[in-house]
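Engineer: For reference, the file final35.pdb (PDB, C-alpha atoms and all ligand atoms) is included below:
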ATOM      1  CA  MET A   1     -33.425  33.802 -21.378  1.00  0.00           C
ATOM      2  CA  PRO A   2     -31.627  31.763 -18.669  1.00  0.00           C
ATOM      3  CA  LEU A   3     -29.222  28.967 -19.379  1.00  0.00           C
ATOM      4  CA  CYS A   4     -29.775  25.342 -18.390  1.00  0.00           C
ATOM      5  CA  LYS A   5     -28.205  24.445 -15.048  1.00  0.00           C
ATOM      6  CA  GLY A   6     -27.274  20.923 -16.041  1.00  0.00           C
ATOM      7  CA  ARG A   7     -23.778  19.847 -14.958  1.00  0.00           C
ATOM      8  CA  VAL A   8     -22.127  18.056 -17.868  1.00  0.00           C
ATOM      9  CA  THR A   9     -18.756  16.832 -19.008  1.00  0.00           C
ATOM     10  CA  LYS A  10     -17.258  15.442 -22.189  1.00  0.00           C
ATOM     11  CA  GLU A  11     -14.500  13.161 -23.444  1.00  0.00           C
ATOM     12  CA  SER A  12     -12.026  16.039 -23.834  1.00  0.00           C
ATOM     13  CA  LEU A  13     -12.424  16.864 -20.125  1.00  0.00           C
ATOM     14  CA  LYS A  14     -11.211  13.405 -19.105  1.00  0.00           C
ATOM     15  CA  VAL A  15      -8.013  13.485 -17.001  1.00  0.00           C
ATOM     16  CA  VAL A  16      -5.977  10.947 -15.052  1.00  0.00           C
ATOM     17  CA  PHE A  17      -5.321  10.346 -11.385  1.00  0.00           C
ATOM     18  CA  GLY A  18      -1.816  10.043  -9.978  1.00  0.00           C
ATOM     19  CA  ASP A  19      -1.506   6.427 -11.180  1.00  0.00           C
ATOM     20  CA  ASN A  20      -1.696   7.703 -14.782  1.00  0.00           C
ATOM     21  CA  LYS A  21      -4.253   5.030 -15.556  1.00  0.00           C
ATOM     22  CA  HIS A  22      -7.593   5.649 -13.895  1.00  0.00           C
ATOM     23  CA  TYR A  23      -9.416   8.819 -14.833  1.00  0.00           C
ATOM     24  CA  PHE A  24     -12.040  11.282 -13.756  1.00  0.00           C
ATOM     25  CA  TYR A  25     -13.791  14.199 -15.480  1.00  0.00           C
ATOM     26  CA  MET A  26     -13.549  17.940 -15.154  1.00  0.00           C
ATOM     27  CA  GLU A  27     -16.786  19.812 -14.759  1.00  0.00           C
ATOM     28  CA  SER A  28     -18.631  21.782 -17.409  1.00  0.00           C
ATOM     29  CA  LYS A  29     -22.086  23.186 -17.878  1.00  0.00           C
ATOM     30  CA  CYS A  30     -24.841  22.680 -20.364  1.00  0.00           C
ATOM     31  CA  SER A  31     -25.050  25.600 -22.777  1.00  0.00           C
ATOM     32  CA  ASN A  32     -28.669  25.160 -23.754  1.00  0.00           C
ATOM     33  CA  VAL A  33     -31.069  28.043 -23.267  1.00  0.00           C
ATOM     34  CA  VAL A  34     -34.201  27.368 -21.289  1.00  0.00           C
ATOM     35  CA  SER A  35     -37.393  29.289 -21.036  1.00  0.00           C
ATOM     36  CA  THR A  36     -37.835  28.748 -17.310  1.00  0.00           C
ATOM     37  CA  ASP A  37     -35.366  28.357 -14.441  1.00  0.00           C
ATOM     38  CA  ALA A  38     -34.987  24.649 -15.018  1.00  0.00           C
ATOM     39  CA  LEU A  39     -33.102  22.060 -16.990  1.00  0.00           C
ATOM     40  CA  CYS A  40     -33.301  21.781 -20.742  1.00  0.00           C
ATOM     41  CA  SER A  41     -35.226  18.844 -22.136  1.00  0.00           C
ATOM     42  CA  LYS A  42     -32.015  16.942 -22.786  1.00  0.00           C
ATOM     43  CA  CYS A  43     -30.705  17.411 -19.198  1.00  0.00           C
ATOM     44  CA  SER A  44     -34.019  16.585 -17.565  1.00  0.00           C
ATOM     45  CA  SER A  45     -34.131  13.156 -19.165  1.00  0.00           C
ATOM     46  CA  ARG A  46     -30.646  11.957 -18.196  1.00  0.00           C
ATOM     47  CA  ASN A  47     -29.753   8.627 -16.546  1.00  0.00           C
ATOM     48  CA  THR A  48     -26.713   6.953 -15.002  1.00  0.00           C
ATOM     49  CA  THR A  49     -26.438   3.987 -17.313  1.00  0.00           C
ATOM     50  CA  CYS A  50     -24.718   5.577 -20.300  1.00  0.00           C
ATOM     51  CA  SER A  51     -21.075   6.641 -20.400  1.00  0.00           C
ATOM     52  CA  GLN A  52     -19.881   9.417 -18.092  1.00  0.00           C
ATOM     53  CA  SER A  53     -18.829  11.640 -20.976  1.00  0.00           C
ATOM     54  CA  SER A  54     -22.192  11.348 -22.713  1.00  0.00           C
ATOM     55  CA  LYS A  55     -24.658  14.230 -22.513  1.00  0.00           C
ATOM     56  CA  GLY A  56     -27.198  11.665 -21.366  1.00  0.00           C
ATOM     57  CA  PHE A  57     -25.372  10.918 -18.083  1.00  0.00           C
ATOM     58  CA  ASP A  58     -26.877  12.616 -15.059  1.00  0.00           C
ATOM     59  CA  HIS A  59     -24.209  14.699 -13.296  1.00  0.00           C
ATOM     60  CA  GLY A  60     -26.817  16.762 -11.443  1.00  0.00           C
ATOM     61  CA  CYS A  61     -27.269  20.533 -11.482  1.00  0.00           C
ATOM     62  CA  ILE A  62     -24.388  22.982 -11.110  1.00  0.00           C
ATOM     63  CA  ASP A  63     -25.952  24.449  -7.965  1.00  0.00           C
ATOM     64  CA  GLY A  64     -26.539  21.034  -6.391  1.00  0.00           C
ATOM     65  CA  VAL A  65     -24.309  18.215  -5.163  1.00  0.00           C
ATOM     66  CA  ILE A  66     -22.399  16.014  -7.572  1.00  0.00           C
ATOM     67  CA  PRO A  67     -24.291  12.681  -7.656  1.00  0.00           C
ATOM     68  CA  GLU A  68     -22.558   9.638  -6.134  1.00  0.00           C
ATOM     69  CA  LYS A  69     -22.227   7.852  -9.451  1.00  0.00           C
ATOM     70  CA  SER A  70     -20.733  10.847 -11.225  1.00  0.00           C
ATOM     71  CA  HIS A  71     -16.976  10.724 -11.862  1.00  0.00           C
ATOM     72  CA  ILE A  72     -16.678  14.498 -11.901  1.00  0.00           C
ATOM     73  CA  PHE A  73     -13.887  16.188  -9.954  1.00  0.00           C
ATOM     74  CA  ASN A  74     -14.483  16.661  -6.220  1.00  0.00           C
ATOM     75  CA  GLY A  75     -17.664  14.590  -6.090  1.00  0.00           C
ATOM     76  CA  SER A  76     -18.017  11.785  -3.539  1.00  0.00           C
ATOM     77  CA  TRP A  77     -16.761   9.201  -6.053  1.00  0.00           C
ATOM     78  CA  TYR A  78     -13.689  11.302  -6.787  1.00  0.00           C
ATOM     79  CA  LYS A  79     -12.889  11.754  -3.106  1.00  0.00           C
ATOM     80  CA  LYS A  80     -12.875   7.999  -2.561  1.00  0.00           C
ATOM     81  CA  ALA A  81     -11.081   7.180  -5.805  1.00  0.00           C
ATOM     82  CA  VAL A  82      -8.237   9.640  -5.203  1.00  0.00           C
ATOM     83  CA  LYS A  83      -7.234   7.639  -2.126  1.00  0.00           C
ATOM     84  CA  THR A  84      -6.832   4.543  -4.259  1.00  0.00           C
ATOM     85  CA  TYR A  85      -5.518   5.947  -7.519  1.00  0.00           C
ATOM     86  CA  GLY A  86      -3.408   8.783  -6.126  1.00  0.00           C
ATOM     87  CA  GLU A  87      -3.608  12.540  -6.307  1.00  0.00           C
ATOM     88  CA  PRO A  88      -3.511  13.928  -9.865  1.00  0.00           C
ATOM     89  CA  SER A  89      -0.523  15.987 -10.969  1.00  0.00           C
ATOM     90  CA  GLN A  90      -0.444  19.638  -9.954  1.00  0.00           C
ATOM     91  CA  SER A  91      -1.273  20.867 -13.478  1.00  0.00           C
ATOM     92  CA  ILE A  92      -4.280  18.549 -13.769  1.00  0.00           C
ATOM     93  CA  LEU A  93      -5.505  19.625 -10.330  1.00  0.00           C
ATOM     94  CA  GLU A  94      -5.210  23.276 -11.294  1.00  0.00           C
ATOM     95  CA  LYS A  95      -7.165  22.708 -14.495  1.00  0.00           C
ATOM     96  CA  ALA A  96      -9.860  20.778 -12.621  1.00  0.00           C
ATOM     97  CA  VAL A  97     -10.160  23.532  -9.994  1.00  0.00           C
ATOM     98  CA  ASP A  98     -10.301  26.171 -12.739  1.00  0.00           C
ATOM     99  CA  ALA A  99     -13.067  24.278 -14.511  1.00  0.00           C
ATOM    100  CA  LYS A 100     -14.957  23.936 -11.254  1.00  0.00           C
ATOM    101  CA  ASN A 101     -14.508  27.629 -10.438  1.00  0.00           C
ATOM    102  CA  THR A 102     -15.630  28.646 -13.913  1.00  0.00           C
ATOM    103  CA  VAL A 103     -18.853  26.725 -13.460  1.00  0.00           C
ATOM    104  CA  ASP A 104     -19.280  27.998  -9.894  1.00  0.00           C
ATOM    105  CA  GLY A 105     -18.633  31.530 -11.105  1.00  0.00           C
ATOM    106  CA  LEU A 106     -21.763  31.237 -13.212  1.00  0.00           C
ATOM    107  CA  ILE A 107     -23.858  30.741 -10.127  1.00  0.00           C
ATOM    108  CA  GLU A 108     -24.380  33.856  -8.130  1.00  0.00           C
ATOM    109  CA  GLY A 109     -23.529  33.571  -4.454  1.00  0.00           C
ATOM    110  CA  LEU A 110     -21.383  30.468  -4.749  1.00  0.00           C
ATOM    111  CA  SER A 111     -17.902  30.900  -3.351  1.00  0.00           C
ATOM    112  CA  ASN A 112     -14.822  29.486  -5.004  1.00  0.00           C
ATOM    113  CA  LEU A 113     -13.895  25.941  -4.283  1.00  0.00           C
ATOM    114  CA  SER A 114     -11.166  25.317  -1.790  1.00  0.00           C
ATOM    115  CA  LEU A 115      -9.244  22.117  -2.247  1.00  0.00           C
ATOM    116  CA  GLU A 116      -9.292  19.735   0.656  1.00  0.00           C
ATOM    117  CA  PRO A 117      -5.954  18.084   1.282  1.00  0.00           C
ATOM    118  CA  VAL A 118      -6.004  14.413   0.454  1.00  0.00           C
ATOM    119  CA  THR A 119      -3.606  12.047   2.144  1.00  0.00           C
ATOM    120  CA  VAL A 120      -2.085   9.524  -0.200  1.00  0.00           C
ATOM    121  CA  PRO A 121      -0.848   6.368   1.547  1.00  0.00           C
ATOM    122  CA  LYS A 122       2.882   5.864   1.178  1.00  0.00           C
ATOM    123  CA  LYS A 123       4.058   2.812  -0.687  1.00  0.00           C
ATOM    124  CA  LYS A 124       5.891   0.097   1.221  1.00  0.00           C
ATOM    125  CA  ARG A 125       9.553   0.008   0.459  1.00  0.00           C
ATOM    126  CA  THR A 126      11.575  -3.100  -0.198  1.00  0.00           C
ATOM    127  CA  VAL A 127      14.562  -3.120   2.078  1.00  0.00           C
ATOM    128  CA  ARG A 128      17.504  -5.377   2.600  1.00  0.00           C
ATOM    129  CA  VAL A 129      18.289  -5.735   6.244  1.00  0.00           C
ATOM    130  CA  LYS A 130      21.056  -7.388   8.124  1.00  0.00           C
ATOM    131  CA  THR A 131      19.639  -9.477  10.922  1.00  0.00           C
ATOM    132  CA  PRO A 132      22.187 -10.386  13.533  1.00  0.00           C
ATOM    133  CA  THR A 133      21.779 -13.974  14.615  1.00  0.00           C
ATOM    134  CA  THR A 134      23.126 -15.215  17.869  1.00  0.00           C
ATOM    135  CA  ILE A 135      23.591 -18.872  18.655  1.00  0.00           C
ATOM    136  CA  ARG A 136      23.269 -19.361  22.361  1.00  0.00           C
ATOM    137  CA  VAL A 137      25.075 -22.398  23.662  1.00  0.00           C
ATOM    138  CA  ILE A 138      24.442 -23.668  27.149  1.00  0.00           C
ATOM    139  CA  THR A 139      26.879 -26.113  28.705  1.00  0.00           C
ATOM    140  CA  THR A 140      26.539 -27.270  32.303  1.00  0.00           C
ATOM    141  CA  GLY A 141      24.549 -24.197  33.153  1.00  0.00           C
ATOM    142  CA  VAL A 142      27.221 -21.801  31.869  1.00  0.00           C
ATOM    143  CA  ALA A 143      25.912 -19.842  28.929  1.00  0.00           C
ATOM    144  CA  THR A 144      28.217 -18.780  26.139  1.00  0.00           C
ATOM    145  CA  THR A 145      27.065 -16.802  23.146  1.00  0.00           C
ATOM    146  CA  ILE A 146      28.556 -17.121  19.718  1.00  0.00           C
ATOM    147  CA  PRO A 147      27.585 -14.311  17.343  1.00  0.00           C
ATOM    148  CA  VAL A 148      26.924 -15.461  13.811  1.00  0.00           C
ATOM    149  CA  ASP A 149      26.328 -13.008  10.991  1.00  0.00           C
ATOM    150  CA  SER A 150      23.669 -13.820   8.504  1.00  0.00           C
ATOM    151  CA  PHE A 151      21.839 -11.837   5.856  1.00  0.00           C
ATOM    152  CA  VAL A 152      18.137 -11.985   5.353  1.00  0.00           C
ATOM    153  CA  GLU A 153      16.430 -10.690   2.226  1.00  0.00           C
ATOM    154  CA  SER A 154      13.275  -9.002   3.409  1.00  0.00           C
ATOM    155  CA  MET A 155      10.325  -7.893   1.290  1.00  0.00           C
ATOM    156  CA  ASP A 156       8.639  -6.242   4.223  1.00  0.00           C
ATOM    157  CA  GLU A 157       9.458  -3.556   6.694  1.00  0.00           C
ATOM    158  CA  PRO A 158      12.633  -4.174   8.706  1.00  0.00           C
ATOM    159  CA  LEU A 159      12.214  -7.131  10.976  1.00  0.00           C
ATOM    160  CA  GLU A 160      12.775  -7.020  14.655  1.00  0.00           C
ATOM    161  CA  VAL A 161      16.125  -8.333  15.695  1.00  0.00           C
ATOM    162  CA  GLN A 162      15.050 -11.460  17.454  1.00  0.00           C
ATOM    163  CA  ASP A 163      16.807 -14.452  15.962  1.00  0.00           C
ATOM    164  CA  VAL A 164      18.303 -16.213  18.929  1.00  0.00           C
ATOM    165  CA  ILE A 165      18.774 -19.933  18.500  1.00  0.00           C
ATOM    166  CA  GLN A 166      19.173 -21.745  21.756  1.00  0.00           C
ATOM    167  CA  ILE A 167      21.164 -24.935  21.829  1.00  0.00           C
ATOM    168  CA  VAL A 168      21.259 -27.041  24.982  1.00  0.00           C
ATOM    169  CA  LEU A 169      24.253 -29.337  25.218  1.00  0.00           C
ATOM    170  CA  LYS A 170      24.352 -32.316  27.525  1.00  0.00           C
ATOM    171  CA  PRO A 171      27.400 -34.361  28.485  1.00  0.00           C
ATOM    172  CA  PHE A 172      27.599 -37.422  26.267  1.00  0.00           C
ATOM    173  CA  MET A 173      29.782 -40.569  26.401  1.00  0.00           C
ATOM    174  CA  ASN A 174      32.313 -38.880  28.705  1.00  0.00           C
ATOM    175  CA  GLN A 175      34.263 -37.135  25.961  1.00  0.00           C
ATOM    176  CA  TYR A 176      31.439 -35.350  24.056  1.00  0.00           C
ATOM    177  CA  TRP A 177      28.614 -32.847  24.266  1.00  0.00           C
ATOM    178  CA  ARG A 178      25.339 -33.703  22.569  1.00  0.00           C
ATOM    179  CA  ASP A 179      22.716 -31.293  21.174  1.00  0.00           C
ATOM    180  CA  GLU A 180      19.707 -33.573  21.715  1.00  0.00           C
ATOM    181  CA  GLU A 181      17.382 -31.432  19.668  1.00  0.00           C
ATOM    182  CA  ARG A 182      19.395 -31.804  16.485  1.00  0.00           C
ATOM    183  CA  ASP A 183      21.471 -34.842  17.526  1.00  0.00           C
ATOM    184  CA  LYS A 184      24.719 -33.050  16.913  1.00  0.00           C
ATOM    185  CA  VAL A 185      27.801 -34.106  18.777  1.00  0.00           C
ATOM    186  CA  TYR A 186      30.689 -31.867  19.786  1.00  0.00           C
ATOM    187  CA  LYS A 187      33.967 -32.612  21.555  1.00  0.00           C
ATOM    188  CA  ASN A 188      34.075 -32.003  25.292  1.00  0.00           C
ATOM    189  CA  MET A 189      37.202 -29.986  25.903  1.00  0.00           C
ATOM    190  CA  ASN A 190      37.546 -30.146  29.694  1.00  0.00           C
ATOM    191  CA  GLY A 191      33.957 -29.104  30.196  1.00  0.00           C
ATOM    192  CA  LYS A 192      33.813 -26.620  27.292  1.00  0.00           C
ATOM    193  CA  LYS A 193      32.259 -27.053  23.872  1.00  0.00           C
ATOM    194  CA  GLY A 194      34.810 -28.211  21.330  1.00  0.00           C
ATOM    195  CA  ALA A 195      34.699 -28.847  17.603  1.00  0.00           C
ATOM    196  CA  TYR A 196      31.725 -30.420  15.892  1.00  0.00           C
ATOM    197  CA  VAL A 197      32.164 -34.162  15.494  1.00  0.00           C
ATOM    198  CA  GLY A 198      29.093 -35.454  13.682  1.00  0.00           C
ATOM    199  CA  ARG A 199      25.520 -36.620  14.151  1.00  0.00           C
ATOM    200  CA  TRP A 200      24.291 -39.215  16.629  1.00  0.00           C
ATOM    201  CA  ASP A 201      22.079 -41.720  14.835  1.00  0.00           C
ATOM    202  CA  SER A 202      21.028 -43.382  18.120  1.00  0.00           C
ATOM    203  CA  GLU A 203      23.736 -46.072  17.777  1.00  0.00           C
ATOM    204  CA  LYS A 204      26.914 -44.334  16.701  1.00  0.00           C
ATOM    205  CA  ILE A 205      28.320 -40.958  15.699  1.00  0.00           C
ATOM    206  CA  VAL A 206      27.933 -40.478  11.957  1.00  0.00           C
ATOM    207  CA  ASP A 207      30.296 -38.230  10.057  1.00  0.00           C
ATOM    208  CA  CYS A 208      27.980 -35.607   8.655  1.00  0.00           C
ATOM    209  CA  PRO A 209      28.623 -31.990   7.620  1.00  0.00           C
ATOM    210  CA  ASP A 210      27.675 -29.428  10.228  1.00  0.00           C
ATOM    211  CA  SER A 211      24.506 -27.709   9.028  1.00  0.00           C
ATOM    212  CA  ASP A 212      25.592 -24.502  10.780  1.00  0.00           C
ATOM    213  CA  GLU A 213      28.586 -24.331   8.482  1.00  0.00           C
ATOM    214  CA  GLU A 214      26.456 -24.362   5.340  1.00  0.00           C
TER
HETATM  215 ZN    ZN A 301     -29.132  21.222 -20.315  1.00  0.00          ZN
END
Represent the structure from my file as structure tokens, please.
Structural biologist:
Amino acid sequence: MPLCKGRVTKESLKVVFGDNKHYFYMESKCSNVVSTDALCSKCSSRNTTCSQSSKGFDHGCIDGVIPEKSHIFNGSWYKKAVKTYGEPSQSILEKAVDAKNTVDGLIEGLSNLSLEPVTVPKKKRTVRVKTPTTIRVITTGVATTIPVDSFVESMDEPLEVQDVIQIVLKPFMNQYWRDEERDKVYKNMNGKKGAYVGRWDSEKIVDCPDSDEE
């Protein structure tokens, strides 16, 4: 008397993916005896609405493909899910392959399963990078650069080093330079940029802390 070819699983064959949270099932086989080369009455009336571990869930036949909705190891659902939930631990994988091979071994002519490598996307790392900042000061067409160190806390991949702030200074009231963009006034030391003096409020120079010093 042949045995039923129904592919089944049960609660004790439930194992977790690499995230230790989401799970899939290892494969097993119905042990019912049938009179013809077919499924037992229980397996032939299965559906996909009950729980995966129930005998009523249709996981297909052991010599056929694993149905899309089945959460059994190495089916199409598993292959998609493993990319999201991570590859199971080595010991779980070995058990799942063993279970699969045991079932396959019951079917004459079926070769052992070979595991396809699955690429697990690497997690993004949080890095702290030092981003050099350069303040570029232009006076009367002569460019001078003043390097300023600053630290940037980054939650993403390292940023490109690109922070260049350009300040254009124009001669102002004979004895000053003025940064028109930010209305900052600096001393004019014989044509060169001198110390910060204050802010121009469109009437007079106001004593105001230099924001670059903050
Ligand atoms: Zn059966």
Engineer: Would you please work out which residue, of A:Gly194, A:Gly105, A:Gly56, A:Gly18, is nearest to ligand ZN 301 (chain A) when using only C-alpha atoms and all ligand atoms?
Structural biologist: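 Counting only C-alpha atoms and all ligand atoms, the residue closest to ligand ZN 301 (chain A) is A:Gly56.
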Engineer: Taking all atoms listed in the file into account, which residues are within 9 Å of ligand ZN 301 (chain A), as a ChimeraX atom specification?
Structural biologist: /A:3-8,29-34,38-44,55
Engineer: So how many Å separate CA of Leu106 (chain A) and CA of His22 (chain A), to one decimal?
Structural biologist: 29.3 Å
Engineer: So what do you get for CA of Ala99 (chain A) versus CA of Met1 (chain A), distance-wise?
Structural biologist: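 Those two atoms sit 23.5 Å apart.
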Engineer: Using all atoms listed in the file, pick whichever of A:Pro67, A:Gly86, A:Pro2, A:Gly75 has the shortest atom-to-atom distance to Asn20 (chain A).
Structural biologist: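 Under the stated criterion, the closest residue is A:Gly86.
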Engineer: What is the distance between CA of Thr36 (chain A) and CA of Val65 (chain A), in Å to one decimal?
Structural biologist: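 These two atoms are separated by 21.0 Å.
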Engineer: Step by step, work through what the PyMOL selection byres (((chain A and resi 72) around 6) and not hetatm) selects in the shown file, and finish by giving those residues as a ChimeraX atom specification.
Structural biologist: /A:24-26,70-71,73,75
Engineer: Each side padded by 4 Å, which centre and which edge lengths in Å (one decimal) define the axis-aligned box around the listed atoms of region 36-50 of chain A? Give them as AutoDock Vina command-line options.
Structural biologist:
--center_x -31.3 --center_y 16.4 --center_z -18.6 --size_x 21.1 --size_y 32.8 --size_z 16.3
Engineer: Identify which of the residues A:Gln166, A:Thr102, A:Ser28, A:Ser202 lies closest to Leu13 (chain A), counting only C-alpha atoms when measuring atom-to-atom distances.
Structural biologist: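 Of all the options, A:Ser28 lies closest to Leu13 (chain A).
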Engineer: Which of these residues is nearest to Gln175 (chain A), using all atoms listed in the file: A:Ala195, A:Val206, A:Ile66, A:Val97?
Structural biologist: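 Using all atoms listed in the file, the shortest distance to Gln175 (chain A) belongs to A:Ala195.
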